[in-house]
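J.: My structure is in final.cif, and what it holds is mmCIF, C-alpha atoms (C1' of nucleotides):
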```cif
data_start
#
loop_
_atom_site.label_atom_id
_atom_site.label_comp_id
_atom_site.auth_asym_id
_atom_site.auth_seq_id
_atom_site.Cartn_x
_atom_site.Cartn_y
_atom_site.Cartn_z
CA MET I 1230 -25.30 -16.03 2.38
CA VAL I 1231 -23.14 -12.91 2.17
CA ASP I 1232 -24.04 -10.19 -0.29
CA THR I 1233 -22.01 -9.72 -3.45
CA ARG I 1234 -20.54 -6.39 -2.40
CA THR I 1235 -19.04 -8.01 0.69
CA LYS I 1236 -17.79 -10.94 -1.37
CA ILE I 1237 -16.06 -8.55 -3.77
CA LEU I 1238 -14.39 -6.72 -0.88
CA ASP I 1239 -13.31 -10.01 0.71
CA ILE I 1240 -11.69 -11.26 -2.48
CA ALA I 1241 -10.12 -7.89 -3.29
CA GLU I 1242 -8.72 -7.59 0.22
CA GLY I 1243 -7.04 -10.98 -0.04
CA LEU I 1244 -5.62 -10.13 -3.46
CA VAL I 1245 -4.19 -6.80 -2.29
CA GLN I 1246 -2.61 -8.49 0.71
CA ARG I 1247 -1.06 -11.23 -1.41
CA VAL I 1248 -0.03 -9.58 -4.68
CA GLY I 1249 -0.49 -5.85 -4.08
CA LEU I 1250 -2.88 -3.22 -5.33
CA ASN I 1251 -1.42 -2.72 -8.79
CA ALA I 1252 -1.16 -6.43 -9.55
CA MET I 1253 -4.85 -6.96 -8.80
CA SER I 1254 -7.37 -6.53 -11.63
CA TYR I 1255 -11.14 -6.50 -11.97
CA LYS I 1256 -10.75 -9.71 -13.98
CA ASP I 1257 -9.07 -11.48 -11.05
CA ILE I 1258 -11.84 -10.38 -8.73
CA SER I 1259 -14.66 -11.32 -11.08
CA GLU I 1260 -13.28 -14.82 -11.60
CA ALA I 1261 -12.84 -15.41 -7.88
CA VAL I 1262 -16.27 -14.04 -6.98
CA GLY I 1263 -17.98 -15.83 -9.85
CA ILE I 1264 -19.63 -12.88 -11.57
CA ARG I 1265 -18.79 -10.90 -14.71
CA LYS I 1266 -16.29 -8.09 -14.76
CA ALA I 1267 -18.95 -5.50 -15.61
CA SER I 1268 -20.89 -6.49 -12.51
CA ILE I 1269 -18.02 -5.43 -10.29
CA HIS I 1270 -18.39 -1.97 -11.84
CA HIS I 1271 -22.01 -1.96 -10.73
CA HIS I 1272 -20.87 -2.11 -7.11
CA PHE I 1273 -17.64 -0.11 -7.53
CA PRO I 1274 -17.84 2.12 -10.64
CA LYS I 1275 -14.14 3.06 -10.54
CA LYS I 1276 -11.21 1.18 -9.08
CA GLU I 1277 -10.64 4.07 -6.67
CA ASN I 1278 -14.12 3.39 -5.23
CA LEU I 1279 -13.03 -0.18 -4.55
CA VAL I 1280 -9.84 1.01 -2.85
CA ASP I 1281 -11.86 3.49 -0.77
CA GLY I 1282 -14.27 0.73 0.18
CA LEU I 1283 -11.42 -1.56 1.11
CA LEU I 1284 -9.74 1.06 3.26
CA GLU I 1285 -12.96 2.18 4.95
CA ARG I 1286 -13.87 -1.37 5.84
CA CYS I 1287 -10.39 -2.23 7.11
CA ALA I 1288 -10.28 1.00 9.15
CA VAL I 1289 -13.24 -0.39 11.08
CA SER I 1290 -12.40 -4.10 11.21
CA TYR I 1291 -8.69 -3.69 11.95
CA GLY I 1292 -9.48 -0.91 14.40
CA ASP I 1293 -12.00 -3.06 16.26
CA ASN I 1294 -9.61 -5.98 16.29
CA TYR I 1295 -6.74 -3.94 17.73
CA GLN I 1296 -9.07 -2.16 20.17
CA ARG I 1297 -10.32 -5.47 21.55
CA ILE I 1298 -6.73 -6.45 22.33
CA VAL I 1299 -5.93 -3.08 23.87
CA ASP I 1300 -9.10 -3.20 26.00
CA GLY I 1301 -8.07 -6.56 27.49
CA SER I 1302 -6.92 -7.10 31.05
CA GLU I 1303 -3.33 -8.20 30.31
CA LYS I 1304 -0.23 -6.26 31.14
CA ALA I 1305 1.14 -4.07 28.35
CA PRO I 1306 3.93 -6.40 27.12
CA ASP I 1307 1.44 -9.21 26.60
CA LYS I 1308 -0.82 -6.86 24.67
CA LEU I 1309 2.10 -6.05 22.39
CA ARG I 1310 2.61 -9.78 21.90
CA LYS I 1311 -1.05 -10.17 20.97
CA LEU I 1312 -0.77 -7.33 18.46
CA ALA I 1313 2.30 -8.97 16.95
CA ALA I 1314 0.38 -12.24 16.77
CA VAL I 1315 -2.18 -10.60 14.46
CA PHE I 1316 0.60 -9.81 12.00
CA ALA I 1317 2.12 -13.26 12.45
CA ASP I 1318 -1.24 -14.73 11.54
CA GLY I 1319 -1.35 -12.71 8.32
CA LEU I 1320 2.21 -13.74 7.47
CA ASN I 1321 1.21 -17.35 7.97
CA ASN I 1322 -1.37 -16.96 5.21
CA ASN I 1323 1.10 -15.16 2.95
CA LYS I 1324 -0.83 -11.95 3.55
CA LEU I 1325 0.51 -8.52 4.38
CA CYS I 1326 -1.27 -5.94 6.51
CA LEU I 1327 -3.61 -4.13 4.12
CA VAL I 1328 -2.38 -0.75 5.32
CA GLY I 1329 1.23 -1.72 4.77
CA SER I 1330 0.55 -3.17 1.35
CA ILE I 1331 -1.42 -0.16 0.14
CA SER I 1332 1.02 2.30 1.72
CA THR I 1333 3.78 0.96 -0.51
CA ASP I 1334 1.64 1.95 -3.51
CA SER I 1335 0.52 5.23 -1.94
CA ASN I 1336 2.03 7.29 -4.75
CA THR I 1337 -0.41 5.74 -7.25
CA LEU I 1338 -3.46 6.45 -5.08
CA GLN I 1339 -6.26 8.96 -5.64
CA ASP I 1340 -6.59 11.77 -3.11
CA SER I 1341 -9.68 10.27 -1.50
CA SER I 1342 -7.96 6.93 -0.90
CA CYS I 1343 -4.89 8.73 0.42
CA HIS I 1344 -6.94 10.59 3.01
CA ILE I 1345 -8.62 7.42 4.25
CA LEU I 1346 -5.26 5.65 4.39
CA GLN I 1347 -3.79 8.49 6.44
CA SER I 1348 -6.60 8.56 8.94
CA THR I 1349 -6.47 4.77 9.23
CA ILE I 1350 -2.77 4.90 10.08
CA LYS I 1351 -3.36 7.75 12.52
CA ASN I 1352 -6.15 5.80 14.20
CA THR I 1353 -4.12 2.60 14.39
CA VAL I 1354 -1.17 4.41 15.96
CA SER I 1355 -3.53 6.01 18.51
CA ILE I 1356 -4.89 2.62 19.52
CA PHE I 1357 -1.37 1.18 19.82
CA ALA I 1358 -0.30 4.23 21.85
CA ALA I 1359 -2.77 3.30 24.59
CA VAL I 1360 -0.73 0.17 25.28
CA PHE I 1361 2.44 2.19 25.72
CA GLU I 1362 0.62 4.61 28.01
CA GLN I 1363 -0.55 1.67 30.10
CA GLY I 1364 2.96 0.21 30.11
CA ARG I 1365 4.38 3.51 31.29
CA GLN I 1366 1.85 3.83 34.08
CA GLU I 1367 2.10 0.27 35.34
CA GLN I 1368 5.89 0.46 34.78
CA SER I 1369 5.96 -2.68 32.66
CA LEU I 1370 7.45 -0.85 29.66
CA THR I 1371 10.33 1.63 29.38
CA PHE I 1372 10.95 3.83 26.33
CA THR I 1373 12.40 7.23 25.55
CA GLY I 1374 9.99 8.81 23.04
CA THR I 1375 6.33 9.71 23.52
CA ASP I 1376 3.58 7.07 23.54
CA GLU I 1377 2.56 8.04 19.99
CA GLU I 1378 6.11 7.99 18.64
CA THR I 1379 6.81 4.61 20.20
CA ALA I 1380 3.50 3.25 18.95
CA PHE I 1381 4.37 4.48 15.46
CA ALA I 1382 7.74 2.72 15.69
CA PHE I 1383 6.17 -0.52 16.92
CA PHE I 1384 3.49 -0.49 14.23
CA SER I 1385 6.14 0.25 11.58
CA LEU I 1386 8.26 -2.59 12.90
CA LEU I 1387 5.37 -5.04 12.50
CA VAL I 1388 4.57 -3.76 8.99
CA GLY I 1389 8.23 -3.88 7.95
CA SER I 1390 9.03 -7.26 9.51
CA GLN I 1391 6.00 -8.75 7.81
CA ILE I 1392 7.14 -7.48 4.43
CA VAL I 1393 10.79 -8.45 4.83
CA ALA I 1394 10.06 -11.79 6.50
CA ARG I 1395 7.67 -12.82 3.73
CA SER I 1396 10.54 -12.49 1.26
CA HIS I 1397 13.24 -13.92 3.52
CA GLY I 1398 13.36 -15.27 7.01
CA GLY I 1399 9.76 -16.38 7.40
CA MET I 1400 7.76 -16.80 10.56
CA GLN I 1401 10.74 -17.67 12.76
CA LEU I 1402 12.65 -14.47 12.09
CA PHE I 1403 9.46 -12.39 12.31
CA GLN I 1404 8.63 -13.86 15.73
CA ARG I 1405 12.14 -13.39 17.07
CA ALA I 1406 12.38 -9.83 15.80
CA ALA I 1407 9.06 -8.92 17.43
CA GLU I 1408 9.93 -10.67 20.66
CA GLY I 1409 13.35 -9.03 20.75
CA VAL I 1410 11.84 -5.57 20.46
CA ILE I 1411 9.08 -6.26 22.99
CA SER I 1412 11.46 -7.66 25.59
CA GLY I 1413 13.68 -4.66 24.89
CA PHE I 1414 10.82 -2.43 26.00
CA GLU I 1415 10.33 -4.61 29.09
CA ARG I 1416 13.69 -3.92 30.62
CA MET J 1200 28.28 10.14 -20.62
CA VAL J 1201 26.77 7.05 -18.98
CA ASP J 1202 25.80 4.08 -21.08
CA THR J 1203 22.15 3.40 -21.89
CA ARG J 1204 21.94 0.25 -19.82
CA THR J 1205 22.94 2.19 -16.71
CA LYS J 1206 20.54 4.98 -17.59
CA ILE J 1207 17.70 2.47 -17.89
CA LEU J 1208 18.58 0.98 -14.52
CA ASP J 1209 18.79 4.42 -12.92
CA ILE J 1210 15.37 5.47 -14.20
CA ALA J 1211 13.80 2.10 -13.39
CA GLU J 1212 15.22 2.16 -9.89
CA GLY J 1213 13.72 5.57 -9.20
CA LEU J 1214 10.35 4.50 -10.59
CA VAL J 1215 10.24 1.34 -8.49
CA GLN J 1216 11.13 3.33 -5.39
CA ARG J 1217 8.45 5.94 -6.09
CA VAL J 1218 5.48 4.06 -7.57
CA GLY J 1219 6.35 0.40 -7.12
CA LEU J 1220 7.30 -2.44 -9.45
CA ASN J 1221 3.87 -3.18 -10.88
CA ALA J 1222 3.03 0.46 -11.54
CA MET J 1223 6.20 0.93 -13.58
CA SER J 1224 6.09 0.18 -17.30
CA TYR J 1225 8.58 -0.02 -20.16
CA LYS J 1226 6.77 3.00 -21.62
CA ASP J 1227 7.54 5.07 -18.50
CA ILE J 1228 11.18 4.06 -18.67
CA SER J 1229 11.56 4.70 -22.39
CA GLU J 1230 10.08 8.18 -22.11
CA ALA J 1231 12.34 9.10 -19.21
CA VAL J 1232 15.46 7.66 -20.82
CA GLY J 1233 14.68 9.12 -24.23
CA ILE J 1234 14.72 5.96 -26.32
CA ARG J 1235 11.95 3.78 -27.79
CA LYS J 1236 10.21 1.10 -25.82
CA ALA J 1237 11.57 -1.69 -28.04
CA SER J 1238 15.10 -0.54 -27.33
CA ILE J 1239 14.68 -1.31 -23.65
CA HIS J 1240 14.04 -4.90 -24.71
CA HIS J 1241 17.44 -4.95 -26.40
CA HIS J 1242 19.08 -4.44 -23.01
CA PHE J 1243 16.51 -6.31 -20.92
CA PRO J 1244 14.56 -8.81 -23.10
CA LYS J 1245 11.99 -9.57 -20.38
CA LYS J 1246 10.85 -7.46 -17.48
CA GLU J 1247 12.17 -10.10 -15.11
CA ASN J 1248 15.67 -9.45 -16.53
CA LEU J 1249 15.26 -5.81 -15.60
CA VAL J 1250 14.18 -6.71 -12.09
CA ASP J 1251 17.13 -9.08 -11.76
CA GLY J 1252 19.46 -6.33 -12.99
CA LEU J 1253 17.96 -3.87 -10.57
CA LEU J 1254 18.33 -6.23 -7.63
CA GLU J 1255 21.85 -7.31 -8.54
CA ARG J 1256 23.01 -3.73 -8.86
CA CYS J 1257 21.36 -2.64 -5.63
CA ALA J 1258 22.80 -5.66 -3.80
CA VAL J 1259 26.22 -4.22 -4.60
CA SER J 1260 25.58 -0.48 -4.26
CA TYR J 1261 23.43 -0.69 -1.14
CA GLY J 1262 25.79 -3.26 0.31
CA ASP J 1263 28.82 -1.03 -0.28
CA ASN J 1264 27.01 1.96 1.13
CA TYR J 1265 26.03 0.15 4.33
CA GLN J 1266 29.45 -1.49 4.61
CA ARG J 1267 31.18 1.90 4.44
CA ILE J 1268 29.11 3.06 7.40
CA VAL J 1269 29.72 -0.13 9.34
CA ASP J 1270 33.48 0.07 8.68
CA GLY J 1271 33.63 3.58 10.18
CA SER J 1272 35.26 4.48 13.46
CA GLU J 1273 32.14 5.63 15.32
CA LYS J 1274 30.54 3.87 18.22
CA ALA J 1275 27.72 1.49 17.35
CA PRO J 1276 24.76 3.79 18.21
CA ASP J 1277 26.10 6.46 15.86
CA LYS J 1278 26.47 3.89 13.12
CA LEU J 1279 22.81 2.97 13.59
CA ARG J 1280 21.98 6.66 13.26
CA LYS J 1281 23.96 6.84 10.03
CA LEU J 1282 22.12 3.80 8.67
CA ALA J 1283 18.80 5.41 9.58
CA ALA J 1284 19.94 8.58 7.83
CA VAL J 1285 20.24 6.66 4.56
CA PHE J 1286 16.56 5.75 4.79
CA ALA J 1287 15.65 9.28 5.85
CA ASP J 1288 17.40 10.56 2.76
CA GLY J 1289 15.31 8.27 0.54
CA LEU J 1290 12.12 9.33 2.31
CA ASN J 1291 13.07 12.93 1.67
CA ASN J 1292 13.03 12.21 -2.06
CA ASN J 1293 9.75 10.32 -1.81
CA LYS J 1294 11.68 7.11 -2.44
CA LEU J 1295 11.40 3.80 -0.62
CA CYS J 1296 14.23 1.36 -0.10
CA LEU J 1297 14.33 -0.76 -3.28
CA VAL J 1298 14.39 -3.97 -1.29
CA GLY J 1299 11.37 -2.91 0.75
CA SER J 1300 9.44 -1.79 -2.29
CA ILE J 1301 10.13 -4.96 -4.26
CA SER J 1302 9.53 -7.18 -1.23
CA THR J 1303 5.96 -5.94 -1.05
CA ASP J 1304 5.46 -7.27 -4.59
CA SER J 1305 7.47 -10.43 -3.96
CA ASN J 1306 4.52 -12.68 -4.75
CA THR J 1307 4.48 -11.44 -8.35
CA LEU J 1308 8.21 -12.07 -8.85
CA GLN J 1309 9.92 -14.73 -10.96
CA ASP J 1310 11.99 -17.32 -9.12
CA SER J 1311 15.29 -15.79 -10.22
CA SER J 1312 14.37 -12.34 -8.90
CA CYS J 1313 13.12 -13.92 -5.68
CA HIS J 1314 16.45 -15.61 -5.07
CA ILE J 1315 18.42 -12.42 -5.62
CA LEU J 1316 16.03 -10.54 -3.35
CA GLN J 1317 16.49 -13.12 -0.63
CA SER J 1318 20.27 -13.06 -0.77
CA THR J 1319 20.24 -9.26 -0.81
CA ILE J 1320 18.16 -9.19 2.37
CA LYS J 1321 20.38 -11.82 3.95
CA ASN J 1322 23.48 -9.84 3.06
CA THR J 1323 22.03 -6.57 4.32
CA VAL J 1324 21.07 -8.12 7.64
CA SER J 1325 24.58 -9.56 7.99
CA ILE J 1326 26.14 -6.15 7.45
CA PHE J 1327 23.76 -4.57 9.98
CA ALA J 1328 24.51 -7.38 12.43
CA ALA J 1329 28.16 -6.32 12.60
CA VAL J 1330 27.06 -3.06 14.23
CA PHE J 1331 25.15 -4.92 16.90
CA GLU J 1332 28.12 -7.18 17.50
CA GLN J 1333 30.32 -4.12 17.93
CA GLY J 1334 27.75 -2.54 20.23
CA ARG J 1335 27.64 -5.67 22.36
CA GLN J 1336 31.41 -5.85 22.64
CA GLU J 1337 32.00 -2.19 23.39
CA GLN J 1338 28.88 -2.28 25.63
CA SER J 1339 27.27 0.66 23.89
CA LEU J 1340 24.17 -1.37 22.94
CA THR J 1341 21.98 -3.76 24.94
CA PHE J 1342 19.49 -6.18 23.39
CA THR J 1343 18.04 -9.58 24.14
CA GLY J 1344 18.08 -11.46 20.79
CA THR J 1345 21.07 -12.46 18.70
CA ASP J 1346 22.99 -9.95 16.56
CA GLU J 1347 21.30 -11.24 13.41
CA GLU J 1348 17.80 -11.17 14.90
CA THR J 1349 18.26 -7.67 16.20
CA ALA J 1350 19.74 -6.54 12.89
CA PHE J 1351 16.73 -8.03 11.11
CA ALA J 1352 14.42 -6.14 13.46
CA PHE J 1353 16.28 -2.86 12.97
CA PHE J 1354 16.34 -3.22 9.18
CA SER J 1355 12.63 -4.10 9.19
CA LEU J 1356 11.91 -1.09 11.35
CA LEU J 1357 13.63 1.21 8.85
CA VAL J 1358 11.82 -0.38 5.90
CA GLY J 1359 8.46 -0.22 7.68
CA SER J 1360 8.84 3.30 9.04
CA GLN J 1361 9.80 4.53 5.61
CA ILE J 1362 6.67 3.01 4.08
CA VAL J 1363 4.29 4.13 6.80
CA ALA J 1364 5.86 7.57 7.20
CA ARG J 1365 5.62 8.29 3.48
CA SER J 1366 1.86 7.84 3.74
CA HIS J 1367 1.41 9.54 7.09
CA GLY J 1368 3.70 11.24 9.54
CA GLY J 1369 6.53 12.22 7.24
CA MET J 1370 10.14 12.83 8.10
CA GLN J 1371 9.49 14.00 11.65
CA LEU J 1372 7.77 10.82 12.78
CA PHE J 1373 10.30 8.67 10.91
CA GLN J 1374 13.21 10.39 12.65
CA ARG J 1375 11.63 10.16 16.08
CA ALA J 1376 10.69 6.52 15.65
CA ALA J 1377 14.25 5.64 14.60
CA GLU J 1378 15.81 7.71 17.35
CA GLY J 1379 13.45 6.19 19.93
CA VAL J 1380 14.47 2.68 18.99
CA ILE J 1381 18.18 3.48 18.81
CA SER J 1382 18.24 5.20 22.20
CA GLY J 1383 16.25 2.22 23.51
CA PHE J 1384 19.16 0.00 22.50
CA GLU J 1385 21.57 2.41 24.19
CA ARG J 1386 20.25 1.91 27.69
"C1'" DG Y 451 -55.63 -9.98 -5.92
"C1'" DA Y 452 -53.78 -8.66 -10.18
"C1'" DA Y 453 -51.61 -5.46 -13.20
"C1'" DA Y 454 -47.98 -1.91 -13.69
"C1'" DG Y 455 -43.90 0.61 -12.57
"C1'" DG Y 456 -39.43 1.00 -10.65
"C1'" DC Y 457 -35.16 -0.60 -9.44
"C1'" DA Y 458 -31.15 -3.44 -8.04
"C1'" DA Y 459 -28.26 -6.86 -9.83
"C1'" DC Y 460 -26.43 -9.04 -13.23
"C1'" DC Y 461 -25.55 -10.05 -18.05
"C1'" DT Y 462 -23.35 -9.73 -23.18
"C1'" DA Y 463 -20.80 -7.05 -26.06
"C1'" DC Y 464 -17.99 -3.63 -26.80
"C1'" DC Y 465 -14.46 0.37 -26.44
"C1'" DA Y 466 -9.83 2.82 -26.34
"C1'" DG Y 467 -5.64 2.51 -24.23
"C1'" DT Y 468 -1.66 0.15 -22.52
"C1'" DA Y 469 0.90 -3.92 -21.09
"C1'" DG Y 470 4.99 -6.77 -22.35
"C1'" DG Y 471 7.03 -8.53 -26.29
"C1'" DT Y 472 8.70 -9.56 -31.41
"C1'" DA Y 473 10.44 -8.98 -36.31
"C1'" DG Y 474 13.28 -6.93 -39.07
"C1'" DG Y 475 15.92 -3.01 -40.80
"C1'" DG Y 476 19.61 0.66 -40.73
"C1'" DA Y 477 23.58 3.20 -38.88
"C1'" DG Y 478 28.08 3.11 -36.97
"C1'" DC Y 479 32.07 0.92 -34.97
"C1'" DT Y 480 35.98 -2.72 -35.04
"C1'" DA U 1329 31.82 -8.84 -42.29
"C1'" DG U 1330 29.97 -8.90 -38.00
"C1'" DC U 1331 28.37 -6.83 -33.97
"C1'" DT U 1332 26.10 -3.42 -30.95
"C1'" DC U 1333 22.56 -0.27 -30.55
"C1'" DC U 1334 18.59 1.75 -31.67
"C1'" DC U 1335 14.81 2.34 -34.77
"C1'" DT U 1336 9.78 1.59 -37.01
"C1'" DA U 1337 6.07 -1.20 -37.09
"C1'" DC U 1338 3.53 -4.49 -35.38
"C1'" DC U 1339 1.34 -8.30 -32.31
"C1'" DT U 1340 -1.58 -10.42 -28.60
"C1'" DA U 1341 -3.43 -10.10 -24.17
"C1'" DC U 1342 -5.29 -7.53 -20.88
"C1'" DT U 1343 -6.49 -3.04 -18.48
"C1'" DG U 1344 -10.35 -0.10 -16.54
"C1'" DG U 1345 -14.59 1.37 -18.17
"C1'" DT U 1346 -19.27 1.91 -20.87
"C1'" DA U 1347 -23.78 0.89 -23.31
"C1'" DG U 1348 -27.66 -1.33 -23.22
"C1'" DG U 1349 -30.51 -5.27 -22.32
"C1'" DT U 1350 -32.77 -9.07 -19.17
"C1'" DT U 1351 -34.39 -10.86 -14.95
"C1'" DG U 1352 -36.74 -10.87 -10.76
"C1'" DC U 1353 -38.25 -8.74 -6.61
"C1'" DC U 1354 -40.74 -5.03 -4.20
"C1'" DT U 1355 -44.10 -1.41 -4.27
"C1'" DT U 1356 -47.88 1.07 -5.73
"C1'" DT U 1357 -52.28 1.48 -7.78
"C1'" DC U 1358 -56.83 0.07 -9.19
#
```
Mind converting the file's structure to structure tokens?
T.:
Amino acid sequence: MVDTRTKILDIAEGLVQRVGLNAMSYKDISEAVGIRKASIHHHFPKKENLVDGLLERCAVSYGDNYQRIVDGSEKAPDKLRKLAAVFADGLNNNKLCLVGSISTDSNTLQDSSCHILQSTIKNTVSIFAAVFEQGRQEQSLTFTGTDEETAFAFFSLLVGSQIVARSHGGMQLFQRAAEGVISGFER
Amino acid sequence: MVDTRTKILDIAEGLVQRVGLNAMSYKDISEAVGIRKASIHHHFPKKENLVDGLLERCAVSYGDNYQRIVDGSEKAPDKLRKLAAVFADGLNNNKLCLVGSISTDSNTLQDSSCHILQSTIKNTVSIFAAVFEQGRQEQSLTFTGTDEETAFAFFSLLVGSQIVARSHGGMQLFQRAAEGVISGFER
DNA sequence: GAAAGGCAACCTACCAGTAGGTAGGGAGCT
DNA sequence: AGCTCCCTACCTACTGGTAGGTTGCCTTTC
């Protein structure tokens, strides 16, 4: 049995991914978790604490998830495909990447949340960059910018395609857009 | 002197681009426009009417703006650079593309707004696709997918980079990401 | 081993503020 | 007269947040 704090974060994460930060309320969370609204405040006194908690947890879990893919034994293009598959999986469940979703609302964030968001993005781009470094060295990928710049572009593409495809185009267009870009790097 | 309806749309558009749809209220708009909250309801009875109005107007204005670039006499890669510059300009003013911003909140939209959003995306991708068609014919661009798929990917990249870069990386990273992808197509 | 204290977790009940929205009135234009 | 536009005044529902109480488990103490 998972503890309540984790349950709250799980529910909140799903809500943010589906409807966005500012459309999610303590009431929604309390109903889904099955406890009273005031009890959420026991675990997360202010909403900003919840957002911080969400971002801190996703910095670790997303980071680990991406790192596991990057640490694999495949060639770089296949690693990019695996990274894209993570986003495809989210899209399949009508969920956006938490970082992408929260980034859209970044102007309504507290400073503390903003800092965590920034370092999470920075970290994610670093992890992605390792794939492009590998691709450069094993000559399986060609690109003009630096590893970091290209990783930033690839991450942004996944975030953006997920958002746009959820509104129009769906899985098929998302997959083809990702594959088009990846095979573009392969030439 | 512009009419009130237009003023409301102007203010609302800026708010959506800066803080997002669900963080924008009729109170915010009324204060910025300089009329009472109830008066907004005279022009837009329900919030969904406002969103529809916003999307309908942007479908035209964005569409015209993109079309003007596409109709130019430049080679395809330079047209892509001009399209990216539109997004860079928004980023410079801390504003996201309206379509990207609203798409993130698409799960909280009414059906009518959803339909307009979808056709706006479809239309935008079609306009972008013309550049890739031109690039293919004049052999200034190389890519593996179809024109539409590649246009979708490029549009998504701009939307995503804008969102991510606003939170972390800023103009510099946005510009380099866009340039990296464009010069990737040029090879 | 039993009583006593402390604390985490949850509850009910409440607060002020704000959300979107409505009713109805008055001014000015055609 | 009728219409557009904007107003004051108000409504209900919900927002994040607080106060204070109850329960039950874990220590500590005798």
J.: Between Y:DC465, Y:DA452, Y:DG470, Y:DG476, which is the closest to chain J once you count all atoms listed in the file?
T.: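 Looking only at the distances to chain J, the closest residue turns out to be Y:DG470.
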J.: With all atoms listed in the file counted and 10 Å as the cut-off, give the residues of chain U in contact with chain J, each with its shortest interatomic distance in Å and the pair that gives it, as JSON lines.
T.:
```
{"residue": "U:DT1332", "atom": "C1'", "partner": "J:His1241", "partner_atom": "CA", "distance": 9.9}
{"residue": "U:DC1333", "atom": "C1'", "partner": "J:His1241", "partner_atom": "CA", "distance": 8.1}
{"residue": "U:DC1334", "atom": "C1'", "partner": "J:Ser1238", "partner_atom": "CA", "distance": 6.0}
{"residue": "U:DC1335", "atom": "C1'", "partner": "J:Arg1235", "partner_atom": "CA", "distance": 7.7}
{"residue": "U:DT1336", "atom": "C1'", "partner": "J:Ala1237", "partner_atom": "CA", "distance": 9.7}
```
J.: Give me, as an NGL selection string, the residues of chain J touching chain I, with the criterion being at most 6 Å (counting all atoms listed in the file).
T.: :J and (1218 or 1221 or 1302-1304 or 1306 or 1317 or 1343-1344 or 1348 or 1352 or 1355-1356 or 1358-1360 or 1362 or 1366-1367 or 1376 or 1379)
J.: Running the PyMOL selection byres ((chain Y and resi 458) around 10) on this model by hand, what would come out? Give it as a PyMOL selection string.
T.: (chain I and resi 1271) or (chain Y and resi 456-457+459-460) or (chain U and resi 1352-1353)
J.: Can you spell out as a PDB file with C-alpha atoms, keeping the file's coordinate frame the set of residues that the PyMOL selection byres ((chain J) within 8 of (chain Y)) selects in the structure I just provided?
T.:
```pdb
ATOM      1  CA  SER J1224       6.090   0.180 -17.300  1.00  0.00           C
ATOM      2  CA  TYR J1225       8.580  -0.020 -20.160  1.00  0.00           C
ATOM      3  CA  LYS J1245      11.990  -9.570 -20.380  1.00  0.00           C
ATOM      4  CA  LYS J1246      10.850  -7.460 -17.480  1.00  0.00           C
TER       5      LYS J1246
END
```
